[in-house]
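Structure record follows, encoded as C-alpha cells.
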Amino acid sequence: MVDARTRQWLLLVLVGTWVLTGTWAHGADEQAPASFPEAPTVTFEADVQPLLTRLGCNSGPCHGKSRGQNGFALSLLAFDQDFDYAAIVQEGRGRRIFPSAPDQSLLLQKASGKAPHGGGKRLEAGSPHYQLIRSWIESGAPRTPADAPTIVRVVVEPATQQLAAGESVQLRAIAEYTDGRRRDVTDSAAFQSNDRTVATVSDDGLLKAGALSGETAVMARYLSHIAVCTVTIPLPGKIPDEQYAQLPRHNQVDELVWQKLKTLGMLPAERVDDAKFHRRAYLRAIGRLPSVDETRAFLADTGADKRVRLIDQLLDRPEYGDFWANKWTDLLRPNPYRAGIKAVWNMDAWLREAFRTNKPYDEFVRELVTAQGSTWKNGATVMFRDRPSPVEIGSSVSQLFLGVRLECAKCHHHPFEIWSQDDFYGFASFFARVGHQGGLSPPISGTEEVIYTLPKGQVTHGRTGAGVDPKTLNGETLALSADEEPREILAEWMTSDKNPWFAKVMANRVWGELMGVGIVDPVDDLRATNPASNDPLLNFLAEDFRSHGYNVKHLIRTIMTSHVFELSTVPTERNASDLRNFSRYYRQRMRAEVLLDGVNDVLGTTDDFGAMPPESRAMQLWTHRSSSLFLDTFGRPDPNQDPPCERTSDVTTPQILHLMNSPTLNEKISKDDAQPAKLAASDRPVAELVEEVFLRVYSRMPTNSEVATASELLADPKNRRAGMEDLFWALLNTPEFYFVD
C-alpha cells in the first residue's frame, strides 16, 4: 500500500517539478540511481537553509541583521545552523511551524504573503520552494544527519562566458560532496552580478548581457560556498590580429594588457606626449612637480631612451622615500593622542628610512609583524601599541599584507568569501602572546611601552567561547610550543614563496598607485567575488616582484617603463567604456600633500606646519594632527580614524570652492616675494613670461592661442602684476593642474 505522502511525491516527480525531500539538496542529482529511490526526507541544513539565503530571509536588511527583525533573528547568510534551527523551530513558543497543519505555519504564511510581512511576499503558495518547506514542516522539521556527506565546494557552470550585447545564457550551480556526488543546486542558489551595467542575473541564474561592453563577475552562493562566473561582453566589430601584433611591447606588462584588450575588442589610446609623460612620471614616482629647468631639459633631450633614464633618475632621488612612506602612513600611522607623540614620530621615521634605503618588502613586513622592544626606540612596535587586542591587529595584518578582509568574519561567516569565524580567530591567535609593559591606556598614552612575547596566551572564539590555536589562512592549524614565537611562524608563512596572497597584494597596491586603479579594486580586497581585471598580469607582477627579492623600486620601474604607463588619458572609439582594463591611462586628482606642495612650488611659497621646522613640505609631515585646512579639504585622513585609512581621489564641491576662494591661497598669490610678483616685475617679453607660467603650472609649453589669451592679461605694464596674479589663479583652478594626466 502506498501512503498519501509517497503518492504526492511521485506525482511531483512525474510532472517534472523537482521537489526533492531528502538528506540531499533539493536539486536534480547528476548521478541518478539505477532504481527508483525511496521517498527521502527533507532536512534543515541540506534543504531549508539554502532557501533562506536565496529568498533573502537571512540577509542584512532582513532577519540576518544583528538583532533580527520584529523579534525573529537568523544568522547572517546561514552561517550558524544551530542558531537558525532553534530560532525557527523552538523560539516564539513554537508558533513558527505547525507540523500537524503545515500551511498554517507562520514561516509559510508570512513568506507567501498570506499574513502581513514587512519583507513582502518571498514565494508563491504551491510553488516548488513552498512545497519543499511545507514538506519539511510536515515531516517534523528534521535536521541533516551528522554522518551525511558534506559539501566540498560549489562550482558555477560555465565558469567563463563571452556574450554579445543583449545575449543570455543559463548558469548552473553545482554542489560537489565528500562522496563524489555532484548535484545541481541552481534552484536553491543565490546569484548576484558585480556590475549590472555589464550583465544582470536573475534569481534563477539566467545571465543576460547589457548594452555596454566590459567584464564582470557573477557570484553563485549556496550555503557558505561561493563560485564565480567571469562574464565578458566584447565590443562589436572585428579587429585584425595584425593590429594587435603591431602594438609596442616594452615588457611583459604590455603583452598581457594587449591580450586582454584583444578579448574585449578594445584598442589602446595613443602614446602620450613628452610633456605629459614627464609630469606624470614625477607625480607618480616622487610626488612632486618638475621644475621649469627640469621640464626644459627633458623636452630638449632627443635620446630615444630618455623616458627610461628619467624613471631611473627619479627612483634614485631623495623625495622617493618621503612620497612612498607618506602612502604607507595612511595604512599604519596611528593617532598620536592615542599612541603617544614620540611613538608616532618614531614610527614615521622608521617608515621613511625603510623606503629611503629600499628595504626589501618581505623584510619590511617581517620587522613589523614580529616587532619587539620599546615604542620609543623601534618604530615598528607602534603598530602593536595602537592595537593591543589580538583581534584588532589580526584583521589589520590580514588586510594590509595579504589583501584578505577578515573583519566581517569576526561576527559571522564572510558574506562574499570563504572565511569563517574559525578562520578569523585562528589568524588572530598568532598575536595572543603579544605582551605590553608600561604605557597608559588611551586616550592618555604618552609614555613609553615595551612590546614583548608572553610565555602563553590564547584567543577565545567569539561564538563558542573555546580557546583557539593559531591557524593560517590556508587552513593549517598550528599547535606551538612555549619557546616558539607565534609571530615568527606567521611571518615565515606570510613571506613564503608559496603564499598565494603576499606578493600579489603588494604588486596590486603599487599598480593601483601608479595607474590610478588596481588590477583588483579595492587594492587590498583579494577574493573570488572581486576578481582581478587581468589575472595573468597580476600573477606576472607578483612573480616578478618575488623573483627580484621583493624589490619595490624594481616593481615600480617594471610598471613605469611599460608602454601601458605611457598611454594617453583621451578615450577613443574602441576604449571609451573601459574603466578597468588599462586601454588608456586613468586621470586622478593629486594626493592632498602633493597638491599643496605643488601649489607652493608653482608660487614659490611655503606653509608653516605645527611641530615641523620652518619651510617644511607637506610630504614631510609626521602626523595628520598638524593643522591644515587645505589638506583636510583635499582628503587627508581624519587623525581620529583608525588605520588603514582609505583616501578618495574624487573631486568635491568644497575642494573647487577652496581653490577659488581660499583666503590663504589668495594671500600666497598676492605676496610680494611670490612668483607672480617677481615675474610681473621682470623686463622679459610677455611671451616669455607666459611660457614661464605654463611651464610652472602645467609643466608644458603653451599653445599659440594660450599665449595670445594670456598676453592680453599682461598687456598693460601698469596692471601687469594684477594680470599675472589672475593668470596664476586661473591656471591653478583648472583640472589640468590638479589632476595627474
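Lettering and numbering for the C-alpha cells are positional, with chains as A, B, ... in the shown order, residues counted from 1 in each chain, and ligands counted from 1 in the shown order.
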DSSP alpha helix (DSSP H) residues within region 289-488 of chain A, as a PDB file with C-alpha atoms, in the first residue's frame:
```pdb
ATOM      1  CA  VAL A 292      60.900  74.664 -15.104  1.00  0.00           C
ATOM      2  CA  ASP A 293      64.542  73.813 -15.811  1.00  0.00           C
ATOM      3  CA  GLU A 294      63.883  70.077 -15.476  1.00  0.00           C
ATOM      4  CA  THR A 295      60.992  70.311 -17.930  1.00  0.00           C
ATOM      5  CA  ARG A 296      63.011  72.318 -20.452  1.00  0.00           C
ATOM      6  CA  ALA A 297      65.881  69.826 -20.258  1.00  0.00           C
ATOM      7  CA  PHE A 298      63.641  66.818 -20.794  1.00  0.00           C
ATOM      8  CA  LEU A 299      61.784  68.372 -23.721  1.00  0.00           C
ATOM      9  CA  ALA A 300      65.103  69.270 -25.343  1.00  0.00           C
ATOM     10  CA  LYS A 306      65.102  59.409 -22.265  1.00  0.00           C
ATOM     11  CA  ARG A 307      61.885  58.169 -20.663  1.00  0.00           C
ATOM     12  CA  VAL A 308      63.590  55.108 -19.183  1.00  0.00           C
ATOM     13  CA  ARG A 309      66.510  57.244 -18.000  1.00  0.00           C
ATOM     14  CA  LEU A 310      64.064  59.662 -16.373  1.00  0.00           C
ATOM     15  CA  ILE A 311      62.415  56.876 -14.373  1.00  0.00           C
ATOM     16  CA  ASP A 312      65.771  55.561 -13.158  1.00  0.00           C
ATOM     17  CA  GLN A 313      66.771  59.081 -12.082  1.00  0.00           C
ATOM     18  CA  LEU A 314      63.510  59.661 -10.226  1.00  0.00           C
ATOM     19  CA  LEU A 315      63.765  56.396  -8.292  1.00  0.00           C
ATOM     20  CA  GLU A 319      61.942  62.586  -2.490  1.00  0.00           C
ATOM     21  CA  TYR A 320      61.098  58.971  -3.358  1.00  0.00           C
ATOM     22  CA  GLY A 321      61.380  57.828   0.263  1.00  0.00           C
ATOM     23  CA  ASP A 322      59.147  60.569   1.661  1.00  0.00           C
ATOM     24  CA  PHE A 323      56.487  60.099  -1.010  1.00  0.00           C
ATOM     25  CA  TRP A 324      56.069  56.341  -0.665  1.00  0.00           C
ATOM     26  CA  ALA A 325      56.375  56.462   3.122  1.00  0.00           C
ATOM     27  CA  ASN A 326      53.570  59.041   3.088  1.00  0.00           C
ATOM     28  CA  LYS A 327      51.362  56.479   1.356  1.00  0.00           C
ATOM     29  CA  TRP A 328      52.117  53.866   3.995  1.00  0.00           C
ATOM     30  CA  THR A 329      51.433  56.224   6.872  1.00  0.00           C
ATOM     31  CA  ASP A 330      47.762  56.093   5.872  1.00  0.00           C
ATOM     32  CA  LEU A 331      47.923  52.346   6.399  1.00  0.00           C
ATOM     33  CA  LEU A 332      49.953  52.222   9.615  1.00  0.00           C
ATOM     34  CA  PRO A 336      49.424  60.432  18.478  1.00  0.00           C
ATOM     35  CA  TYR A 337      46.780  61.277  21.077  1.00  0.00           C
ATOM     36  CA  ARG A 338      46.202  57.551  21.419  1.00  0.00           C
ATOM     37  CA  ALA A 339      49.634  56.032  20.806  1.00  0.00           C
ATOM     38  CA  ILE A 341      53.576  61.698  20.187  1.00  0.00           C
ATOM     39  CA  LYS A 342      57.078  60.278  20.495  1.00  0.00           C
ATOM     40  CA  ALA A 343      55.923  56.801  19.446  1.00  0.00           C
ATOM     41  CA  VAL A 344      54.172  58.082  16.320  1.00  0.00           C
ATOM     42  CA  TRP A 345      57.147  60.246  15.361  1.00  0.00           C
ATOM     43  CA  ASN A 346      59.369  57.193  15.810  1.00  0.00           C
ATOM     44  CA  MET A 347      57.154  55.059  13.568  1.00  0.00           C
ATOM     45  CA  ASP A 348      57.105  57.771  10.896  1.00  0.00           C
ATOM     46  CA  ALA A 349      60.913  57.908  10.950  1.00  0.00           C
ATOM     47  CA  TRP A 350      61.079  54.106  10.671  1.00  0.00           C
ATOM     48  CA  LEU A 351      58.811  54.130   7.611  1.00  0.00           C
ATOM     49  CA  ARG A 352      60.764  56.865   5.847  1.00  0.00           C
ATOM     50  CA  GLU A 353      64.072  55.100   6.463  1.00  0.00           C
ATOM     51  CA  ALA A 354      62.656  51.838   5.099  1.00  0.00           C
ATOM     52  CA  PHE A 355      61.743  53.472   1.783  1.00  0.00           C
ATOM     53  CA  ARG A 356      64.859  55.633   1.565  1.00  0.00           C
ATOM     54  CA  TYR A 361      59.324  44.280   1.192  1.00  0.00           C
ATOM     55  CA  ASP A 362      59.455  40.877   2.869  1.00  0.00           C
ATOM     56  CA  GLU A 363      61.917  42.248   5.435  1.00  0.00           C
ATOM     57  CA  PHE A 364      59.728  45.319   5.888  1.00  0.00           C
ATOM     58  CA  VAL A 365      56.696  43.176   6.711  1.00  0.00           C
ATOM     59  CA  ARG A 366      58.646  40.710   8.858  1.00  0.00           C
ATOM     60  CA  GLU A 367      60.019  43.531  11.004  1.00  0.00           C
ATOM     61  CA  LEU A 368      56.542  44.941  11.514  1.00  0.00           C
ATOM     62  CA  VAL A 369      54.795  41.661  12.307  1.00  0.00           C
ATOM     63  CA  VAL A 382      53.984  51.143  17.446  1.00  0.00           C
ATOM     64  CA  MET A 383      51.627  49.038  15.345  1.00  0.00           C
ATOM     65  CA  PHE A 384      51.050  46.915  18.455  1.00  0.00           C
ATOM     66  CA  ARG A 385      50.888  49.973  20.714  1.00  0.00           C
ATOM     67  CA  ASP A 386      47.994  51.220  18.642  1.00  0.00           C
ATOM     68  CA  PRO A 390      44.810  40.302  19.015  1.00  0.00           C
ATOM     69  CA  VAL A 391      41.548  40.542  17.049  1.00  0.00           C
ATOM     70  CA  GLU A 392      42.342  44.148  16.083  1.00  0.00           C
ATOM     71  CA  ILE A 393      45.885  43.507  14.937  1.00  0.00           C
ATOM     72  CA  GLY A 394      44.940  40.225  13.257  1.00  0.00           C
ATOM     73  CA  SER A 395      42.319  41.743  10.962  1.00  0.00           C
ATOM     74  CA  SER A 396      44.644  44.654  10.146  1.00  0.00           C
ATOM     75  CA  VAL A 397      47.617  42.431   9.263  1.00  0.00           C
ATOM     76  CA  SER A 398      45.494  40.161   7.047  1.00  0.00           C
ATOM     77  CA  GLN A 399      44.121  43.154   5.125  1.00  0.00           C
ATOM     78  CA  LEU A 400      47.388  45.068   4.758  1.00  0.00           C
ATOM     79  CA  PHE A 401      49.770  42.278   3.846  1.00  0.00           C
ATOM     80  CA  LEU A 402      47.542  39.522   2.456  1.00  0.00           C
ATOM     81  CA  GLN A 421      34.736  32.803  12.362  1.00  0.00           C
ATOM     82  CA  ASP A 422      37.151  29.920  12.869  1.00  0.00           C
ATOM     83  CA  ASP A 423      39.476  31.496  10.280  1.00  0.00           C
ATOM     84  CA  PHE A 424      39.227  34.916  11.921  1.00  0.00           C
ATOM     85  CA  TYR A 425      40.008  33.791  15.452  1.00  0.00           C
ATOM     86  CA  GLY A 426      42.596  31.293  14.278  1.00  0.00           C
ATOM     87  CA  PHE A 427      44.528  34.046  12.498  1.00  0.00           C
ATOM     88  CA  ALA A 428      44.119  36.463  15.428  1.00  0.00           C
ATOM     89  CA  PRO A 486      53.820  32.673  17.011  1.00  0.00           C
ATOM     90  CA  ARG A 487      54.523  35.882  15.131  1.00  0.00           C
ATOM     91  CA  GLU A 488      57.803  34.490  13.801  1.00  0.00           C
TER      92      GLU A 488
END
```
Near region 711-719 of chain A, within 7 Å and counting only C-alpha atoms, which residues show up once chain neighbours fewer than 4 positions away are dropped, as an mmCIF file with N, CA and C atoms, in the first residue's frame?
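around03.cif was written with the following content:
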```cif
data_model
loop_
_atom_site.group_PDB
_atom_site.id
_atom_site.type_symbol
_atom_site.label_atom_id
_atom_site.label_comp_id
_atom_site.auth_asym_id
_atom_site.auth_seq_id
_atom_site.Cartn_x
_atom_site.Cartn_y
_atom_site.Cartn_z
ATOM 1 N N VAL A 686 56.597 89.567 -22.888
ATOM 2 C CA VAL A 686 55.366 88.959 -22.384
ATOM 3 C C VAL A 686 55.266 87.493 -22.783
ATOM 4 N N ALA A 687 55.629 87.159 -23.998
ATOM 5 C CA ALA A 687 55.538 85.771 -24.460
ATOM 6 C C ALA A 687 56.405 84.845 -23.605
ATOM 7 N N VAL A 707 48.964 81.602 -25.495
ATOM 8 C CA VAL A 707 49.865 82.751 -25.398
ATOM 9 C C VAL A 707 49.103 84.034 -25.710
ATOM 10 N N GLY A 723 47.420 91.317 -13.500
ATOM 11 C CA GLY A 723 47.167 90.359 -14.575
ATOM 12 C C GLY A 723 47.912 89.058 -14.347
ATOM 13 N N MET A 724 49.141 89.142 -13.832
ATOM 14 C CA MET A 724 49.917 87.944 -13.569
ATOM 15 C C MET A 724 49.277 87.121 -12.445
#
```
Please determine, counting only C-alpha atoms, which residue among A:Ile137, A:Leu603, A:Ile239, A:Ala371 has the shortest atom-to-atom distance to Ile669 (chain A).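 Of the candidates, the smallest distance to Ile669 (chain A) is held by A:Leu603.
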Straight-line distance linking CA of Thr464 (chain A) with CA of Ala432 (chain A), stated in Å to one decimal: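 CA of Ala432 (chain A) lies 17.3 Å from CA of Thr464 (chain A).
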By how many Å are CA of Gln81 (chain A) and CA of Val48 (chain A) apart?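 Between these atoms lies a distance of 10.6 Å.
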Strand (DSSP E) positions in region 422-598 of chain A, given as a compact mmCIF listing (two decimals) with C-alpha atoms, in the first residue's frame:
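Produced file out_27.txt, reproduced below:
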```
# COMPACT_ATOMS: atom_id res chain seq x y z
CA VAL A 434 51.93 39.82 22.42
CA GLY A 435 52.78 41.39 25.77
CA HIS A 436 52.64 45.09 26.71
CA GLN A 437 54.66 46.60 29.53
CA GLY A 438 54.35 50.22 30.61
CA GLU A 449 55.67 50.98 26.15
CA VAL A 450 57.64 47.77 25.59
CA ILE A 451 56.30 45.06 23.31
CA TYR A 452 57.44 41.51 24.13
CA THR A 453 56.31 37.88 23.88
CA VAL A 459 42.37 33.88 21.77
CA THR A 460 38.85 32.93 22.80
CA GLY A 467 40.32 28.62 23.09
CA VAL A 468 41.66 28.82 19.52
CA GLN A 588 43.32 61.02 -10.92
CA ARG A 589 43.35 64.04 -8.64
```
Between A:Met619, A:Ala86, A:Met515, A:Leu256, which has the minimum distance to Tyr586 (chain A) (counting only C-alpha atoms)? A:Met515
